[in-house]
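Text of target-v9.cif, listed as mmCIF, C-alpha atoms and all ligand atoms:
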```cif
data_work
#
loop_
_atom_site.label_atom_id
_atom_site.label_comp_id
_atom_site.auth_asym_id
_atom_site.auth_seq_id
_atom_site.Cartn_x
_atom_site.Cartn_y
_atom_site.Cartn_z
CA MET A 1 112.52 110.18 67.74
CA LYS A 2 112.84 109.57 71.47
CA PRO A 3 114.02 106.34 73.08
CA MET A 4 111.82 103.99 75.07
CA GLY A 5 112.54 101.50 77.84
CA ALA A 6 113.45 97.90 77.07
CA ILE A 7 110.64 95.39 76.55
CA PRO A 8 110.85 92.60 79.17
CA ALA A 9 112.64 89.54 77.76
CA GLU A 10 109.46 87.42 77.93
CA PHE A 11 107.70 89.66 75.39
CA ARG A 12 110.36 90.43 72.80
CA ASP A 13 109.19 88.08 70.05
CA LEU A 14 107.10 89.56 67.26
CA PRO A 15 104.20 89.34 66.70
CA LEU A 16 103.67 89.71 70.45
CA THR A 17 102.70 86.61 72.42
CA ILE A 18 101.57 86.43 76.05
CA ASP A 19 101.76 83.11 77.86
CA GLY A 20 102.66 81.59 74.50
CA LYS A 21 99.49 82.79 72.77
CA PRO A 22 99.05 85.61 70.25
CA ALA A 23 98.31 88.88 72.05
CA SER A 24 95.42 89.51 69.65
CA GLY A 25 93.56 86.64 71.32
CA PHE A 26 93.38 88.66 74.55
CA ALA A 27 92.31 91.85 72.78
CA ALA A 28 88.79 90.98 71.61
CA GLN A 29 87.69 93.68 74.03
CA THR A 30 90.03 96.58 74.75
CA PRO A 31 91.46 98.16 76.78
CA VAL A 32 92.60 95.16 78.78
CA PHE A 33 95.34 94.36 81.27
CA VAL A 34 96.81 90.90 80.73
CA TYR A 35 99.00 89.47 83.51
CA ASP A 36 101.27 86.62 82.43
CA PHE A 37 101.46 84.42 85.49
CA GLY A 38 104.53 82.61 84.15
CA VAL A 39 106.50 85.81 84.66
CA VAL A 40 105.37 86.06 88.30
CA ALA A 41 106.23 82.40 88.91
CA SER A 42 109.69 82.90 87.43
CA ARG A 43 110.29 85.90 89.74
CA THR A 44 109.23 83.96 92.85
CA ALA A 45 111.47 81.06 91.81
CA ARG A 46 114.37 83.44 91.34
CA PHE A 47 113.76 84.94 94.79
CA ARG A 48 113.69 81.47 96.40
CA ALA A 49 116.99 80.56 94.79
CA ALA A 50 118.67 83.82 95.82
CA PHE A 51 117.26 84.05 99.37
CA PRO A 52 116.94 80.53 100.78
CA GLY A 53 115.31 80.58 104.21
CA VAL A 54 114.03 84.14 103.89
CA ASP A 55 110.24 84.58 103.84
CA LEU A 56 108.72 86.19 100.76
CA HIS A 57 105.84 88.60 101.31
CA TYR A 58 103.75 90.16 98.57
CA ALA A 59 102.64 93.79 98.96
CA VAL A 60 99.05 93.51 97.75
CA LYS A 61 98.73 97.17 96.78
CA ALA A 62 101.05 96.59 93.80
CA ASN A 63 98.30 94.53 92.13
CA PRO A 64 95.27 93.24 94.03
CA TYR A 65 93.56 91.48 91.10
CA PRO A 66 91.84 88.56 92.89
CA PRO A 67 92.78 85.75 90.45
CA LEU A 68 96.40 86.92 90.66
CA LEU A 69 96.33 86.81 94.48
CA ALA A 70 94.86 83.31 94.35
CA ALA A 71 97.55 82.12 91.94
CA MET A 72 100.32 83.71 94.01
CA ALA A 73 99.17 82.47 97.42
CA PRO A 74 100.84 79.04 97.18
CA LEU A 75 104.14 80.62 96.03
CA ILE A 76 104.60 83.17 98.82
CA ASP A 77 104.74 83.15 102.60
CA GLY A 78 102.78 86.25 103.46
CA PHE A 79 100.57 89.03 102.19
CA ASP A 80 101.37 92.59 103.26
CA ILE A 81 98.16 94.56 103.32
CA ALA A 82 97.51 98.25 103.73
CA SER A 83 93.75 98.62 104.23
CA GLY A 84 90.59 96.90 105.37
CA GLY A 85 89.82 96.32 101.69
CA GLU A 86 93.07 94.40 101.18
CA LEU A 87 92.36 92.54 104.41
CA ALA A 88 89.03 91.34 102.97
CA MET A 89 90.64 90.41 99.62
CA THR A 90 93.14 88.15 101.37
CA ASP A 91 90.72 86.59 103.87
CA GLY A 92 90.42 83.29 102.08
CA PHE A 93 94.12 82.39 102.09
CA ALA A 94 96.15 80.54 104.71
CA ASN A 95 99.19 82.84 104.30
CA ALA A 96 100.49 84.98 107.16
CA ARG A 97 99.42 88.61 106.89
CA SER A 98 100.78 91.90 108.15
CA PHE A 99 99.05 95.25 108.03
CA ALA A 100 101.08 98.44 107.54
CA GLY A 101 100.06 101.97 106.73
CA PRO A 102 99.45 105.19 108.63
CA GLY A 103 95.87 106.05 109.51
CA LYS A 104 94.35 102.65 110.22
CA ARG A 105 90.69 103.07 111.13
CA GLY A 106 89.31 101.56 114.33
CA ALA A 107 87.16 99.14 112.34
CA GLU A 108 90.17 98.07 110.24
CA LEU A 109 92.29 97.43 113.34
CA GLU A 110 89.46 95.49 114.92
CA ALA A 111 88.95 93.27 111.87
CA ALA A 112 92.69 92.68 111.45
CA ILE A 113 93.38 91.95 115.12
CA GLY A 114 90.36 89.67 115.26
CA ALA A 115 91.71 87.76 112.23
CA GLY A 116 95.15 87.31 113.84
CA VAL A 117 96.91 89.62 111.39
CA THR A 118 100.19 91.19 112.54
CA ILE A 119 99.77 94.94 112.91
CA ASN A 120 102.84 96.94 111.92
CA LEU A 121 102.44 99.81 114.37
CA GLU A 122 103.07 103.21 112.84
CA SER A 123 102.93 105.28 116.04
CA ARG A 124 102.53 105.19 119.79
CA GLY A 125 98.91 106.33 119.44
CA GLU A 126 98.18 103.43 117.12
CA ALA A 127 99.77 101.03 119.65
CA ASP A 128 97.42 102.34 122.33
CA ARG A 129 94.39 101.95 120.05
CA ALA A 130 95.40 98.44 119.01
CA LEU A 131 95.92 97.35 122.63
CA ALA A 132 92.56 98.79 123.68
CA ILE A 133 90.77 97.02 120.79
CA ALA A 134 92.46 93.71 121.60
CA ASP A 135 91.44 94.10 125.24
CA ARG A 136 87.86 94.67 124.24
CA LEU A 137 87.92 91.65 121.89
CA GLY A 138 89.64 89.54 124.53
CA VAL A 139 92.42 88.45 122.15
CA ARG A 140 96.21 88.65 122.35
CA PRO A 141 97.16 90.96 119.45
CA ARG A 142 100.12 90.30 117.19
CA LEU A 143 102.03 93.56 117.09
CA ALA A 144 105.21 94.53 115.27
CA VAL A 145 106.77 97.96 115.31
CA ARG A 146 107.44 99.71 112.03
CA VAL A 147 110.64 101.69 112.44
CA ASN A 148 111.35 105.01 110.74
CA PRO A 149 115.07 104.46 110.22
CA GLU A 150 117.66 107.22 110.29
CA PHE A 151 118.93 106.15 106.85
CA GLU A 152 117.30 105.91 103.43
CA LEU A 153 117.60 103.62 100.44
CA ARG A 154 119.93 105.39 98.01
CA GLY A 155 118.70 105.75 94.44
CA SER A 156 115.22 104.82 95.56
CA GLY A 157 112.39 106.11 93.37
CA MET A 158 110.45 106.85 96.54
CA ARG A 159 112.44 107.58 99.70
CA MET A 160 110.75 106.58 102.89
CA GLY A 161 113.39 106.89 105.60
CA GLY A 162 115.98 109.28 106.99
CA ARG A 163 113.62 112.13 107.72
CA ALA A 164 110.44 113.19 109.47
CA SER A 165 107.81 110.72 108.31
CA PRO A 166 104.19 109.68 108.72
CA PHE A 167 105.50 106.09 108.40
CA GLY A 168 106.87 104.17 111.35
CA VAL A 169 108.10 105.12 114.78
CA ASP A 170 111.32 107.13 114.96
CA ALA A 171 114.12 104.69 115.80
CA GLU A 172 114.98 106.46 119.08
CA GLN A 173 111.46 105.88 120.43
CA VAL A 174 111.22 102.22 119.44
CA PRO A 175 112.75 100.44 122.48
CA ALA A 176 110.28 102.09 124.86
CA LEU A 177 107.38 101.16 122.61
CA VAL A 178 108.51 97.54 122.33
CA LYS A 179 108.72 97.31 126.13
CA ARG A 180 105.27 98.80 126.39
CA VAL A 181 103.56 96.35 124.00
CA ILE A 182 105.31 93.39 125.64
CA ALA A 183 104.34 94.63 129.14
CA ALA A 184 100.74 94.96 127.95
CA GLY A 185 100.74 91.23 127.13
CA ALA A 186 100.79 91.53 123.33
CA ASP A 187 102.46 88.94 121.11
CA TRP A 188 105.38 91.08 119.94
CA ARG A 189 106.25 89.99 116.41
CA GLY A 190 109.34 92.11 115.77
CA PHE A 191 110.29 94.95 113.48
CA HIS A 192 109.28 96.21 110.08
CA ILE A 193 111.85 98.49 108.45
CA PHE A 194 111.07 99.77 104.95
CA ALA A 195 113.59 102.27 103.61
CA GLY A 196 112.47 102.84 100.01
CA SER A 197 111.09 101.57 96.73
CA GLN A 198 112.03 101.13 93.03
CA ALA A 199 115.81 100.83 93.55
CA LEU A 200 117.81 99.24 90.73
CA ASP A 201 121.28 99.47 92.28
CA ALA A 202 122.05 96.24 94.13
CA ARG A 203 124.80 98.01 96.10
CA ALA A 204 122.29 100.51 97.49
CA ILE A 205 119.95 97.71 98.58
CA ILE A 206 122.82 95.74 100.10
CA ASP A 207 123.89 98.80 102.12
CA SER A 208 120.34 99.53 103.19
CA GLN A 209 119.81 95.93 104.33
CA ALA A 210 123.10 96.01 106.27
CA HIS A 211 121.96 99.19 108.01
CA THR A 212 118.57 97.60 108.68
CA LEU A 213 120.20 94.60 110.38
CA ASP A 214 122.46 96.83 112.49
CA LEU A 215 119.55 98.98 113.50
CA ALA A 216 117.36 95.99 114.38
CA ALA A 217 120.15 94.48 116.48
CA ARG A 218 120.67 97.77 118.34
CA LEU A 219 116.96 98.24 118.96
CA ALA A 220 116.61 94.65 120.15
CA ASP A 221 119.51 95.19 122.57
CA SER A 222 117.91 98.30 124.01
CA ALA A 223 114.54 96.60 124.23
CA GLY A 224 116.12 93.52 125.82
CA VAL A 225 114.38 90.97 123.53
CA PRO A 226 115.37 89.63 120.09
CA PRO A 227 112.68 90.21 117.43
CA PRO A 228 110.88 87.01 116.36
CA LEU A 229 110.60 88.45 112.84
CA LEU A 230 112.46 91.17 111.01
CA ASN A 231 110.71 92.42 107.91
CA LEU A 232 113.56 93.95 105.90
CA GLY A 233 111.31 95.84 103.50
CA GLY A 234 111.94 95.41 99.81
CA GLY A 235 112.57 98.15 97.36
CA PHE A 236 113.64 95.96 94.41
CA GLY A 237 112.88 97.97 91.30
CA ILE A 238 112.25 97.11 87.65
CA PRO A 239 113.77 98.88 84.61
CA TYR A 240 111.09 101.08 83.07
CA PHE A 241 113.20 103.53 81.10
CA PRO A 242 115.98 103.69 78.50
CA GLY A 243 119.36 102.87 79.99
CA GLU A 244 118.01 101.26 83.15
CA LEU A 245 119.21 97.77 84.05
CA PRO A 246 117.50 95.04 86.11
CA VAL A 247 118.48 94.76 89.76
CA ASP A 248 121.03 92.03 90.56
CA VAL A 249 119.01 90.12 93.16
CA GLU A 250 121.55 87.28 93.34
CA ALA A 251 124.21 89.77 94.51
CA ILE A 252 121.81 91.03 97.18
CA GLY A 253 121.17 87.49 98.39
CA GLU A 254 124.87 86.67 98.53
CA ALA A 255 125.57 89.73 100.65
CA LEU A 256 122.57 89.25 102.92
CA LEU A 257 122.69 85.55 103.78
CA PRO A 258 125.91 85.52 105.86
CA ARG A 259 124.68 88.57 107.79
CA LEU A 260 121.50 86.82 108.90
CA ALA A 261 123.51 84.46 111.09
CA THR A 262 124.22 87.39 113.43
CA MET A 263 120.58 87.21 114.61
CA PRO A 264 120.02 83.48 115.19
CA ASN A 265 116.69 83.88 117.01
CA THR A 266 115.05 85.89 114.26
CA ARG A 267 113.15 84.96 111.07
CA PHE A 268 113.53 87.32 108.14
CA ALA A 269 111.10 88.47 105.50
CA ILE A 270 111.44 90.58 102.36
CA GLU A 271 108.30 92.26 101.06
CA LEU A 272 108.04 92.92 97.36
CA GLY A 273 105.35 94.27 95.10
CA ARG A 274 106.61 95.77 91.89
CA TRP A 275 109.49 93.34 91.31
CA LEU A 276 107.23 90.29 91.58
CA VAL A 277 104.39 91.42 89.33
CA GLY A 278 105.33 94.60 87.45
CA GLU A 279 106.89 92.99 84.39
CA SER A 280 104.09 90.39 84.08
CA GLY A 281 101.54 92.94 82.95
CA VAL A 282 100.79 94.09 79.40
CA TYR A 283 98.19 96.78 78.83
CA LEU A 284 96.53 96.39 75.41
CA THR A 285 94.77 99.37 73.90
CA ARG A 286 93.31 99.69 70.40
CA VAL A 287 94.08 102.47 67.93
CA LEU A 288 90.88 104.42 67.21
CA ASP A 289 92.31 107.16 65.05
CA ARG A 290 95.47 108.02 63.28
CA LYS A 291 96.10 111.66 62.63
CA GLU A 292 98.78 114.07 61.50
CA SER A 293 99.21 117.43 63.13
CA ARG A 294 101.91 119.91 62.23
CA GLY A 295 104.29 117.22 61.12
CA GLU A 296 103.67 114.77 63.97
CA THR A 297 101.72 111.51 63.76
CA PHE A 298 99.39 110.56 66.59
CA LEU A 299 97.90 107.15 67.32
CA VAL A 300 94.80 107.87 69.37
CA CYS A 301 93.88 104.86 71.51
CA ASP A 302 90.88 103.69 73.55
CA GLY A 303 92.74 103.89 76.87
CA GLY A 304 95.50 105.94 78.41
CA LEU A 305 96.15 107.90 81.55
CA ASN A 306 92.84 106.73 83.04
CA HIS A 307 94.22 103.16 83.21
CA GLN A 308 97.99 103.46 83.06
CA LEU A 309 98.75 106.71 84.83
CA ALA A 310 102.38 105.81 85.48
CA ALA A 311 103.16 105.18 81.80
CA THR A 312 102.04 108.73 81.00
CA GLY A 313 104.57 110.07 83.50
CA ASN A 314 101.96 111.33 85.94
CA LEU A 315 102.55 109.04 88.92
CA GLY A 316 105.52 110.29 90.90
CA THR A 317 107.92 111.02 88.02
CA VAL A 318 109.77 114.29 87.59
CA VAL A 319 110.85 113.98 83.96
CA ARG A 320 108.55 112.25 81.47
CA ARG A 321 110.25 109.30 79.77
CA ASN A 322 108.86 106.52 77.59
CA TYR A 323 107.81 103.12 78.90
CA PRO A 324 108.40 100.31 76.39
CA VAL A 325 105.51 99.94 73.92
CA ALA A 326 104.93 97.82 70.80
CA VAL A 327 102.45 97.25 67.98
CA ALA A 328 101.12 93.84 69.02
CA ALA A 329 100.58 92.25 65.60
CA ALA A 330 103.60 93.71 63.80
CA ALA A 331 105.83 91.25 61.97
CA PRO A 332 109.59 91.35 62.51
CA GLY A 333 111.20 93.87 60.17
CA ALA A 334 107.95 95.76 59.42
CA PRO A 335 108.52 99.36 58.26
CA THR A 336 108.56 101.84 61.12
CA GLU A 337 107.74 105.50 61.70
CA THR A 338 107.95 108.02 64.51
CA VAL A 339 104.63 108.38 66.35
CA SER A 340 103.14 109.54 69.60
CA VAL A 341 100.64 107.22 71.28
CA VAL A 342 97.91 109.09 73.13
CA GLY A 343 94.77 108.11 75.03
CA PRO A 344 91.18 109.32 74.63
CA LEU A 345 91.14 111.87 77.45
CA CYS A 346 90.80 115.59 76.88
CA THR A 347 94.12 116.49 78.46
CA PRO A 348 97.60 116.84 76.98
CA LEU A 349 98.84 114.75 79.92
CA ASP A 350 97.29 111.67 78.28
CA ARG A 351 100.32 110.51 76.32
CA LEU A 352 101.41 106.87 76.57
CA ALA A 353 104.45 107.26 74.33
CA ASP A 354 106.11 110.39 73.03
CA GLN A 355 107.65 110.34 69.53
CA VAL A 356 108.78 106.72 69.57
CA GLU A 357 109.75 104.57 66.63
CA LEU A 358 107.08 101.91 66.03
CA PRO A 359 105.92 99.74 63.13
CA VAL A 360 103.31 101.62 61.09
CA ALA A 361 99.91 101.10 62.73
CA GLN A 362 96.34 101.78 61.59
CA PRO A 363 93.00 102.14 63.37
CA GLY A 364 92.04 98.70 64.71
CA ASP A 365 95.62 97.73 65.53
CA VAL A 366 96.51 96.98 69.14
CA ILE A 367 99.27 98.79 71.03
CA ALA A 368 100.94 97.01 73.95
CA VAL A 369 102.25 99.02 76.88
CA PHE A 370 104.61 96.90 78.96
CA MET A 371 105.53 97.07 82.68
CA ALA A 372 101.81 97.24 83.47
CA GLY A 373 101.59 94.59 86.19
CA ALA A 374 102.18 96.83 89.22
CA TYR A 375 100.57 100.15 90.15
CA GLY A 376 98.52 100.03 86.96
CA LEU A 377 94.75 99.97 87.06
CA THR A 378 94.27 100.45 90.81
CA ALA A 379 96.80 103.29 90.87
CA SER A 380 95.06 105.10 88.00
CA PRO A 381 91.97 107.35 87.93
CA TRP A 382 89.89 104.96 85.82
CA GLU A 383 86.63 106.81 86.47
CA PHE A 384 88.08 110.08 85.13
CA LEU A 385 86.01 111.04 82.02
CA GLY A 386 83.61 108.16 82.49
CA HIS A 387 85.08 105.49 80.24
CA PRO A 388 84.27 101.90 81.23
CA ARG A 389 86.51 100.06 83.65
CA PRO A 390 89.01 98.04 81.59
CA LEU A 391 89.08 94.27 81.69
CA GLU A 392 91.78 92.29 83.45
CA ILE A 393 92.88 88.78 82.48
CA LEU A 394 95.23 86.41 84.23
CA ALA A 395 97.02 84.42 81.55
CA ALA A 396 98.10 81.17 83.13
CA PRO A 397 98.65 77.66 81.87
CA ALA A 398 95.46 75.61 82.24
CA THR A 399 95.59 73.34 85.29
C1 LIG B 1 104.22 99.63 98.85
C2 LIG B 1 104.96 98.89 99.85
C3 LIG B 1 105.76 97.80 99.47
C4 LIG B 1 105.93 97.38 98.05
O1 LIG B 1 106.77 98.24 97.36
P1 LIG B 1 107.27 97.85 95.89
O2 LIG B 1 108.07 99.00 95.47
O3 LIG B 1 106.06 97.64 95.07
O4 LIG B 1 108.05 96.60 96.02
C5 LIG B 1 106.39 97.10 100.44
N1 LIG B 1 106.27 97.45 101.74
C6 LIG B 1 105.53 98.50 102.15
C7 LIG B 1 105.45 98.84 103.57
C8 LIG B 1 104.86 99.25 101.22
O5 LIG B 1 104.13 100.29 101.63
#
```

Kindly transcribe the structure held in the file into structure tokens.
Ligand SMILES: *Cc1c(COP(=O)(O)O)cnc(C)c1O
Amino acid sequence: MKPMGAIPAEFRDLPLTIDGKPASGFAAQTPVFVYDFGVVASRTARFRAAFPGVDLHYAVKANPYPPLLAAMAPLIDGFDIASGGELAMTDGFANARSFAGPGKRGAELEAAIGAGVTINLESRGEADRALAIADRLGVRPRLAVRVNPEFELRGSGMRMGGRASPFGVDAEQVPALVKRVIAAGADWRGFHIFAGSQALDARAIIDSQAHTLDLAARLADSAGVPPPLLNLGGGFGIPYFPGELPVDVEAIGEALLPRLATMPNTRFAIELGRWLVGESGVYLTRVLDRKESRGETFLVCDGGLNHQLAATGNLGTVVRRNYPVAVAAAAPGAPTETVSVVGPLCTPLDRLADQVELPVAQPGDVIAVFMAGAYGLTASPWEFLGHPRPLEILAAPAT
């Protein structure tokens, strides 16, 4: 038997309920992703309490499901987008938008600048292209400079600073670029500094934010203008695996707030994806077959790696560990066994859970894979092997 991560507190009751309703009610057709909006709302409320006065941005790429975006829009200040597709998905909302990402196409820049979206410039070449497009459109572009900092977020699942990078402008070159965009008549919006992702250690985030503030102050001094907005990045992680603990966001807020007073002419934003939506999602897949092979029991399900790549350990993980999973309809105290939960694909990589202890399940039973709200369906190769696209459901109280 191998351990699995902890089930999020909202889903620990058995049989499993989502948004207060039995999970089986969402599983008429499987596989299905169910997003419990109450979980998202509780995360945004927790952010507001911990970071009063700081803008909250949502990184759309974590989960772009349209009904989720619509439900989130009133609870957040801005959408951070990373493509023309995400631009289109967020067109209907009044929220501020900023557009980051290397390799923005001309047509994407044109659409974003025309819509008044802040462009987080990733290079000098991109600044030149953006200025030329704005000139042609006859609009004053909103431009911020994404900085490639000289430090990185310690303990980050994905390090994005402190080295040569396709992301952002090396800190040393930033003051000259800021002067250039201001001289060209652009509406300079400030800095975007993103040092990493999926960090659980509050101390590491506190240190990274302190470095970010120092760096922004130094760059502003050299450029001669305070930034109107400083996007501090995010990087708040969620505990996927055994032994991991949730990040102490209140400690981060306490450390950050007094520091913000050192830049009185600047607004601050934190951009989060995973932390806001990751724990809201439950992926439900039905057992099609139960088989024994050389002393191991396998539950073969109707979805796997094609929908939940990360849970199978194939999205940026070095060592495969088990996400939390459950048998949705199991009663408390039901007899358990050691099983592996696998998907329907013809590859040994398609393993949702490896030798975990679960209540005994039969074909027809539904397995829940938790932590499925961020980087799930849209970060998975759902067309691989030609199975249908899974359903998605936003579970929210009726209004
Ligand atoms: C992906 C991304 C985020 C969101 O990261 P999470 O780990 O999901 O919070 C935030 N900012 C930028 C620039 C990103 O590329």

### Spatial neighbours of Gly85 (chain A), max dist 12 Å, only C-alpha atoms, sep filter under 3 positions, as an MDAnalysis selection string
chainID A and resid 60:61 64 66 81:82 88:91 99 104:105 107:109 111:112

### Task
Quick one: everything within 9 Å of region 244-256 of chain A, counting all atoms listed in the file, minus sequence neighbours fewer than 4 positions away in the same chain. Send it as a PyMOL selection string.
chain A and resi 5-6+46-47+49-52+199-203+205-206+209-210+236-240+260

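Rounded to one decimal, CA of Ala261 (chain A) and CA of Asp221 (chain A) lie 16.2 Å from each other.
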
### ligand LIG 1 (chain B) neighbours within 10 Å using only C-alpha atoms and all ligand atoms, as a PyMOL selection string
chain A and resi 57-63+80-82+98-102+120+146+156-158+160+167-168+192-199+231-238+270-278+374-375

Save out the residues we just selected, C-alpha atoms, as a tab-separated table (two decimals), keeping the file's coordinate frame.
```
chain	number	residue	atom	x	y	z
A	57	HIS	CA	105.84	88.60	101.31
A	58	TYR	CA	103.75	90.16	98.57
A	59	ALA	CA	102.64	93.79	98.96
A	60	VAL	CA	99.05	93.51	97.75
A	61	LYS	CA	98.73	97.17	96.78
A	62	ALA	CA	101.05	96.59	93.80
A	63	ASN	CA	98.30	94.53	92.13
A	80	ASP	CA	101.37	92.59	103.26
A	81	ILE	CA	98.16	94.56	103.32
A	82	ALA	CA	97.51	98.25	103.73
A	98	SER	CA	100.78	91.90	108.15
A	99	PHE	CA	99.05	95.25	108.03
A	100	ALA	CA	101.08	98.44	107.54
A	101	GLY	CA	100.06	101.97	106.73
A	102	PRO	CA	99.45	105.19	108.63
A	120	ASN	CA	102.84	96.94	111.92
A	146	ARG	CA	107.44	99.71	112.03
A	156	SER	CA	115.22	104.82	95.56
A	157	GLY	CA	112.39	106.11	93.37
A	158	MET	CA	110.45	106.85	96.54
A	160	MET	CA	110.75	106.58	102.89
A	167	PHE	CA	105.50	106.09	108.40
A	168	GLY	CA	106.87	104.17	111.35
A	192	HIS	CA	109.28	96.21	110.08
A	193	ILE	CA	111.85	98.49	108.45
A	194	PHE	CA	111.07	99.77	104.95
A	195	ALA	CA	113.59	102.27	103.61
A	196	GLY	CA	112.47	102.84	100.01
A	197	SER	CA	111.09	101.57	96.73
A	198	GLN	CA	112.03	101.13	93.03
A	199	ALA	CA	115.81	100.83	93.55
A	231	ASN	CA	110.71	92.42	107.91
A	232	LEU	CA	113.56	93.95	105.90
A	233	GLY	CA	111.31	95.84	103.50
A	234	GLY	CA	111.94	95.41	99.81
A	235	GLY	CA	112.57	98.15	97.36
A	236	PHE	CA	113.64	95.96	94.41
A	237	GLY	CA	112.88	97.97	91.30
A	238	ILE	CA	112.25	97.11	87.65
A	270	ILE	CA	111.44	90.58	102.36
A	271	GLU	CA	108.30	92.26	101.06
A	272	LEU	CA	108.04	92.92	97.36
A	273	GLY	CA	105.35	94.27	95.10
A	274	ARG	CA	106.61	95.77	91.89
A	275	TRP	CA	109.49	93.34	91.31
A	276	LEU	CA	107.23	90.29	91.58
A	277	VAL	CA	104.39	91.42	89.33
A	278	GLY	CA	105.33	94.60	87.45
A	374	ALA	CA	102.18	96.83	89.22
A	375	TYR	CA	100.57	100.15	90.15
```

### Residue contacts of Leu349 (chain A) (9 Å, only C-alpha atoms) excluding same-chain residues fewer than 6 positions away, as a list in words
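Residues meeting the cut-off are Leu305, Thr312, Gly313, Asn314 and Val342 of chain A.
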
### Query
With all atoms listed in the file as the basis for distance, which of A:Thr212, A:Thr262, A:Ile18, A:Leu257 is at the shortest distance from Val54 (chain A)?
A:Leu257

### Task
Please identify all polymer residues lying at most 8 Å from the point (100.6, 92.3, 69.5) (file coordinates), using all atoms listed in the file, and present the result as an NGL selection string.
:A and (14-17 or 22-24 or 326-330 or 366-368)

### Query
When you draw a straight line from CA of Ala41 (chain A) to CA of Ala71 (chain A), how long is it in Å?
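CA of Ala71 (chain A) lies at a distance of 9.2 Å from CA of Ala41 (chain A).
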
#### Entry: Counting only C-alpha atoms, the option among A:Ala217, A:Leu284, A:Ala361, A:Val147 closest to Pro390 (chain A)
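Closest to Pro390 (chain A) of all the choices is A:Leu284.
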
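Using only C-alpha atoms, the nearest neighbour of Pro242 (chain A) within the list A:Met4, A:Ala353, A:Leu229, A:Leu377 is A:Met4.
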
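For the atom pair formed by CA of Ser83 (chain A) and CA of Asn95 (chain A), the distance is 16.7 Å, given to one decimal.
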
### Message
Which residues are close to Tyr283 (chain A), i.e. within 8 Å by only C-alpha atoms, leaving aside same-chain residues fewer than 6 positions away? Reply as a ChimeraX atom specification.
### Response
/A:31-34,308,368-370,372

### Message
Using all atoms listed in the file, can you tell me which of A:Ala73, A:Pro149, A:Arg180, A:Val356 comes closest to Ala216 (chain A)?
### Response
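The answer is A:Pro149, which sits nearest to Ala216 (chain A).
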
#### Entry: Point (98.8, 112.5, 59.5) neighbourhood (12 Å, only C-alpha atoms) written as an NGL selection string
:A and (289-300 or 337-340 or 360-362)

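Distances here use only C-alpha atoms; by that measure, the residue among A:Ala184, A:Leu385, A:Ala334, A:Leu358 closest to Asn306 (chain A) is A:Leu385.
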
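Distance check against Glu10 (chain A) using only C-alpha atoms: of A:Gln29, A:Ser123, A:Thr317, A:Ser280, the minimum falls on A:Ser280.
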
### Task
Just the residues within 9 Å of Met263 (chain A), please, counting all atoms listed in the file, with nothing from its chain fewer than 3 positions along; format it as a list in words.
Leu213, Ala217, Pro226, Pro227, Arg259, Leu260, Thr266 and Arg267 of chain A
